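Colleague: Can you keep this structure in mind? I'll have questions shortly.
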Amino acid sequence: MRREYGAPVSVGGKAEKIKIGLRTESQNEPYYVMIKNRLLQDIPEHMKRMKLGRRYAIITDSEVSELYANNLSRMLNNSGLPTEVFVFEVGEKSKTLAVCEGLMEQMSSKGFGRDSAVIAVGGGVVGDIAGLVSVLFNRGVPYVQVPTTLVAQADSSIGGKVGVNSVHGKNLYGDFKQPKVVYIDPMTLRTLDKEEYAGGLAETVKHAVIKDPKFFDYLENHTEEILRRTDYSLLHLARTNCSIKGSVVEKDPNEKGMRRVLNLGHTVGHAVEKLANFEIIHGFCVAIGTVVALRIANMEIGFPDGDLERVERLLRTFGLPTIVPAGISEDDIIKTTSLDKKAAGGQARYALPTMIGKMAKFGGSYATYVDDGVVRMAIRASR
Ligand code: GLY
C-alpha cells in the first residue's frame, strides 16, 4: 500500500524513516530520510552498513565544524570509517564554483579519489556546495546529507537540488543529484540563532500553505512550543516537512511540473535576496516573497482575504518579516525576477495557492505569468 505523506515507516526508539521513492534517468532507487532526536550518535553504525566508500570527506562551514562536524568525524574514525573534515567560510557568499574547486583540490591533495563519499554537515549552503562537489569530484561520488539548520531539515537536504550562485543569479550552476541518505537530528536546531531558526519556519509555513491545512492549524496552535523548540515540536516539524517535500519531489524530481509548487514565495524572495546582496537571510526573503505571492494570488485567483491574514499573522508570530524592504525598488524586483532561471522568455512565473493547502494549476502547469502591473501592486501593498 502506498504510504500517505505524514505517516512515518517506523516510530519509537528507532529513527523514523521517510522513504523518498524516486525514478529518474540517473537514479532508480529510493532513499530514506532518517529522523530522530539525538540521531547524530547513531550515524557511524548506520554508515558502516551503508558502505558508501572507503574514505569520507565531511564538507562543512566554519561554524558547524566546531559545533558538530569535527565531533562526527571523530565518531566515524573511531568506528573504523576514515574521515577528514573540509571547511569553508560560513555564509551564502561562499556558494561559488571557486569554493567548490578549492575543496576538491584539498580532497585530491589528501589522496581522496573515486572510492570516497561526501558527507554534508550543515545548513543549506553546505548541502548545496557538498552536493555539487559530489557531482564533480572524480566524475561523481556518493553523498549523504546531515542537515543542521531548519531550512536544510525542512527543505534543501531533500530532493537533490545542488549548486552554486553566479553573479547573474542564485543557484545558476548545479544539478539534480539525490543523496544516498539524509540523517536529521532535530536537536541540532537548539544551537541555531533565533533568526536562522525563524528562516526555516518560513519554509515550514510554505509547506503547510502548499499542501496541508491541518499542518497549518498545528503551526498556528503551537507557536509557543515551536518557538521554545520543544523535543516534540522539532520532531513533528521535521517529519511533516520531509513528508510534504518528499511527496512532491517523488512525483517530479527534475522540476518539470508539480515541483514548481515548492517555489511559492521564491520568485520575489530570490530577487530580494540578491538585491539585498545576501545580507538578508534566505528564509526572511522567502517570508517576504510569500506575502507578495499571496497578494498576487488574492488579486488574481481569489486566494481568500482571511487566509492571507492568517499567513501574515503566523509569519509575524514566528519573527519573520512580511514587508518588502524600503531600499529595494519595484523596478529592480521586476528586472531581477525576469533573470531568474525559472523565468521563461524573460518573464517570471509564479506558483500561487487558491487557499491554504491547495496550489493552483494553470492549464497543466503549476506556475503562471503575472502581469507586471499586478506584481507592482502586490509589492506596494507589502511596504
Ligand atoms: N526548494 C525548492 C525545491 O527543492 O524544489
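Identifiers in the C-alpha cells: chain A, B, ... in order shown; residue index from 1 per chain; ligand index from 1 in order shown.
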Give as an MDAnalysis selection string the residues surrounding ligand 1 up to a distance of 7 Å, considering only C-alpha atoms and all ligand atoms.
Modeller: chainID A and resid 155:156 159 161 255 259:260 262:263
Colleague: So that I can see what lies close to Asn221 of chain A, please list as a list in words the residues with an atom at most 12 Å from it, counting only C-alpha atoms and leaving out residues fewer than 4 positions away in the same chain.
Modeller: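 Selected residues are Lys214, Phe215, Phe216, Asp217, Glu225, Ile226, Leu227, Ser233, Arg310, Leu314 and Thr317 of chain A.
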Colleague: Near Ser79 of chain A, counting only C-alpha atoms, which residues have an atom at most 8 Å away, once you skip same-chain residues fewer than 2 positions from it, shown as a ChimeraX atom specification?
Modeller: /A:44-45,75-77,81
Colleague: Suppose we keep N, CA and C atoms; can you now write the selection as an mmCIF file, in the first residue's frame?
Modeller:
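Contents of again12.cif, as written:
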```
data_model
loop_
_atom_site.group_PDB
_atom_site.id
_atom_site.type_symbol
_atom_site.label_atom_id
_atom_site.label_comp_id
_atom_site.auth_asym_id
_atom_site.auth_seq_id
_atom_site.Cartn_x
_atom_site.Cartn_y
_atom_site.Cartn_z
ATOM 1 N N PRO A 44 27.437 6.741 12.770
ATOM 2 C CA PRO A 44 28.542 5.845 12.368
ATOM 3 C C PRO A 44 28.091 4.400 12.160
ATOM 4 N N GLU A 45 27.295 3.859 13.062
ATOM 5 C CA GLU A 45 26.856 2.463 12.910
ATOM 6 C C GLU A 45 26.055 2.288 11.623
ATOM 7 N N MET A 75 33.780 10.477 15.671
ATOM 8 C CA MET A 75 32.977 9.265 15.884
ATOM 9 C C MET A 75 33.132 8.285 14.711
ATOM 10 N N LEU A 76 33.160 8.839 13.484
ATOM 11 C CA LEU A 76 33.291 7.973 12.304
ATOM 12 C C LEU A 76 34.669 7.295 12.306
ATOM 13 N N ASN A 77 35.726 8.081 12.597
ATOM 14 C CA ASN A 77 37.073 7.490 12.650
ATOM 15 C C ASN A 77 37.148 6.408 13.723
ATOM 16 N N LEU A 81 35.727 4.212 10.134
ATOM 17 C CA LEU A 81 35.452 4.818 8.826
ATOM 18 C C LEU A 81 36.377 6.034 8.685
#
```
Colleague: Out of A:Ser73, A:Ala287, A:Tyr197, A:Val121, which residue has the shortest atom-to-atom distance to Phe88 of chain A when counting only C-alpha atoms?
Modeller: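 Closest residue, counting only C-alpha atoms: A:Val121.
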Colleague: Report as a list in words: the residues of segment 126-176 of chain A with a DSSP assignment of strand (DSSP E), based on the backbone of this structure.
Modeller: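 Taking segment 126-176 of chain A and keeping strand (DSSP E) only, one gets Tyr143, Val144, Gln145, Val146, Pro147, Lys161, Val162, Gly163, Val164, Asn165, Ser166, Gly169, Lys170, Asn171, Leu172, Tyr173, Gly174, Asp175 and Phe176 of chain A.
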Colleague: From the DSSP assignment of the backbone, select every residue of segment 74-285 of chain A that is helix (DSSP H, G or I), and format the answer as a VMD selection string.
Modeller: chain A and resid 74 to 78 92 to 94 97 to 109 124 to 139 150 to 156 186 to 191 194 to 211 213 to 221 223 to 228 231 to 251 258 to 263 266 to 275 282 to 285
Colleague: Skip Val144 of chain A itself and residues of its chain fewer than 4 positions away, then list as a ChimeraX atom specification all residues within 8 Å of it, counting only C-alpha atoms.
Modeller: /A:117-120,179-183
Colleague: Could you jot down the atom CA of Gly257 of chain A to atom CA of Gly140 of chain A separation for me, Å, one decimal place?
Modeller: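 It comes out at 26.8 Å.
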Colleague: So that I can check the surroundings of Leu192 of chain A, please list as a ChimeraX atom specification every protein, DNA and RNA residue that reaches within 9 Å of it, counting only C-alpha atoms and ignoring chain neighbours fewer than 4 positions away.
Modeller: /A:148-150,188,196-197
Colleague: Go ahead and compute the interatomic distance for atom CA of Val85 of chain A and atom CA of Ile59 of chain A, in Å to one decimal.
Modeller: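 Value for the atom CA of Val85 of chain A-atom CA of Ile59 of chain A distance: 6.1 Å.
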Colleague: Tell me which protein, DNA and RNA residues are within 12 Å of Tyr366 of chain A, counting only C-alpha atoms, leaving out same-chain ones fewer than 4 positions away, and put them as a CSV table (one decimal) with C-alpha atoms, in the first residue's frame.
Modeller:
```
chain,number,residue,atom,x,y,z
A,210,ILE,CA,1.2,24.4,-0.4
A,248,VAL,CA,6.3,16.5,-4.1
A,252,ASP,CA,8.5,15.4,-10.2
A,255,GLU,CA,11.0,20.1,-11.7
A,256,LYS,CA,9.2,19.6,-14.9
A,257,GLY,CA,5.8,20.3,-13.4
A,258,MET,CA,4.5,19.8,-9.9
A,259,ARG,CA,7.8,20.6,-8.1
A,260,ARG,CA,7.2,24.2,-9.1
A,261,VAL,CA,4.8,24.5,-6.2
A,262,LEU,CA,7.8,24.5,-3.9
A,263,ASN,CA,8.8,27.8,-5.4
A,264,LEU,CA,5.9,29.6,-3.7
A,349,ARG,CA,6.5,32.7,-13.3
A,350,TYR,CA,4.7,32.4,-10.0
A,351,ALA,CA,3.5,29.4,-8.0
A,352,LEU,CA,0.2,30.5,-6.4
A,353,PRO,CA,-2.2,28.9,-4.0
A,354,THR,CA,-6.0,29.1,-4.3
A,358,LYS,CA,-4.0,23.9,-2.2
A,359,MET,CA,-1.9,25.2,-5.1
A,360,ALA,CA,-3.4,26.3,-8.4
A,361,LYS,CA,-2.9,24.5,-11.7
A,362,PHE,CA,-2.7,26.7,-14.7
```
Colleague: Which residues of segment 93-175 of chain A come within 10 Å of segment 265-270 of chain A, and for each one, what is the closest pair of atoms and their distance in Å to one decimal, counting only C-alpha atoms, sorted by chain and residue number, as JSON lines?
Modeller:
```
{"residue": "A:Gly169", "atom": "CA", "partner": "A:His270", "partner_atom": "CA", "distance": 8.4}
{"residue": "A:Lys170", "atom": "CA", "partner": "A:His270", "partner_atom": "CA", "distance": 7.2}
{"residue": "A:Asn171", "atom": "CA", "partner": "A:His270", "partner_atom": "CA", "distance": 10.0}
```
Colleague: Could you check the closest approach to Ser329 of chain A for each of A:Glu312, A:Ala276, A:Glu220, A:Ile301 and tell me which residue wins, using only C-alpha atoms?
Modeller: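 Closest to Ser329 of chain A, using only C-alpha atoms: A:Ala276.
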Colleague: Need the shell around Arg295 of chain A: protein/DNA/RNA residues with any atom at most 10 Å away, counting only C-alpha atoms. Skip same-chain ones fewer than 6 positions apart. Format as a PyMOL selection string?
Modeller: chain A and resi 289+301-305+308+352+374-375+377-379+381-382
Colleague: Could you take the residues named above and write them with N, CA, C and O atoms, as a JSON list (two decimals), in the first residue's frame?
Modeller:
```json
[["chain", "number", "residue", "atom", "x", "y", "z"],
["A", 289, "GLY", "N", 8.70, 37.16, 0.16],
["A", 289, "GLY", "CA", 8.23, 36.73, -1.16],
["A", 289, "GLY", "C", 6.90, 35.99, -1.08],
["A", 289, "GLY", "O", 6.07, 36.09, -1.99],
["A", 301, "ILE", "N", -6.45, 35.10, -8.36],
["A", 301, "ILE", "CA", -7.20, 33.83, -8.38],
["A", 301, "ILE", "C", -8.02, 33.62, -7.11],
["A", 301, "ILE", "O", -8.36, 32.49, -6.76],
["A", 302, "GLY", "N", -8.30, 34.70, -6.41],
["A", 302, "GLY", "CA", -9.25, 34.62, -5.29],
["A", 302, "GLY", "C", -8.74, 33.96, -4.04],
["A", 302, "GLY", "O", -9.54, 33.42, -3.25],
["A", 303, "PHE", "N", -7.42, 33.96, -3.82],
["A", 303, "PHE", "CA", -6.92, 33.46, -2.53],
["A", 303, "PHE", "C", -7.60, 34.29, -1.43],
["A", 303, "PHE", "O", -7.55, 35.53, -1.45],
["A", 304, "PRO", "N", -8.26, 33.64, -0.47],
["A", 304, "PRO", "CA", -9.13, 34.40, 0.45],
["A", 304, "PRO", "C", -8.40, 35.41, 1.34],
["A", 304, "PRO", "O", -7.28, 35.14, 1.80],
["A", 305, "ASP", "N", -9.07, 36.55, 1.58],
["A", 305, "ASP", "CA", -8.51, 37.58, 2.47],
["A", 305, "ASP", "C", -8.15, 36.98, 3.82],
["A", 305, "ASP", "O", -7.09, 37.28, 4.39],
["A", 308, "LEU", "N", -4.99, 35.05, 3.78],
["A", 308, "LEU", "CA", -3.84, 35.98, 3.69],
["A", 308, "LEU", "C", -3.50, 36.52, 5.07],
["A", 308, "LEU", "O", -2.34, 36.55, 5.50],
["A", 352, "LEU", "N", 1.22, 29.81, -7.22],
["A", 352, "LEU", "CA", 0.23, 30.53, -6.42],
["A", 352, "LEU", "C", -0.81, 29.58, -5.82],
["A", 352, "LEU", "O", -1.29, 28.67, -6.52],
["A", 374, "VAL", "N", 0.33, 43.87, -11.82],
["A", 374, "VAL", "CA", -0.20, 43.17, -10.65],
["A", 374, "VAL", "C", 0.92, 42.94, -9.63],
["A", 374, "VAL", "O", 0.75, 43.13, -8.42],
["A", 375, "VAL", "N", 2.10, 42.56, -10.14],
["A", 375, "VAL", "CA", 3.24, 42.35, -9.24],
["A", 375, "VAL", "C", 3.56, 43.66, -8.52],
["A", 375, "VAL", "O", 3.77, 43.69, -7.30],
["A", 377, "MET", "N", 1.55, 46.12, -7.83],
["A", 377, "MET", "CA", 0.53, 46.40, -6.82],
["A", 377, "MET", "C", 0.76, 45.56, -5.56],
["A", 377, "MET", "O", 0.64, 46.04, -4.44],
["A", 378, "ALA", "N", 1.12, 44.29, -5.77],
["A", 378, "ALA", "CA", 1.36, 43.40, -4.63],
["A", 378, "ALA", "C", 2.56, 43.86, -3.81],
["A", 378, "ALA", "O", 2.55, 43.81, -2.58],
["A", 379, "ILE", "N", 3.59, 44.34, -4.51],
["A", 379, "ILE", "CA", 4.78, 44.84, -3.79],
["A", 379, "ILE", "C", 4.39, 46.09, -2.99],
["A", 379, "ILE", "O", 4.73, 46.22, -1.82],
["A", 381, "ALA", "N", 1.55, 46.97, -1.83],
["A", 381, "ALA", "CA", 0.70, 46.64, -0.67],
["A", 381, "ALA", "C", 1.51, 45.97, 0.43],
["A", 381, "ALA", "O", 1.03, 45.81, 1.55],
["A", 382, "SER", "N", 2.74, 45.57, 0.10],
["A", 382, "SER", "CA", 3.57, 44.89, 1.11],
["A", 382, "SER", "C", 4.69, 45.81, 1.62],
["A", 382, "SER", "O", 5.72, 45.35, 2.07]]
```
Colleague: A:Arg74, A:Arg239, A:Lys110, A:Arg23: which is nearest Lys36 of chain A, counting only C-alpha atoms?
Modeller: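 Using only C-alpha atoms, Lys36 of chain A sits closest to A:Arg239.
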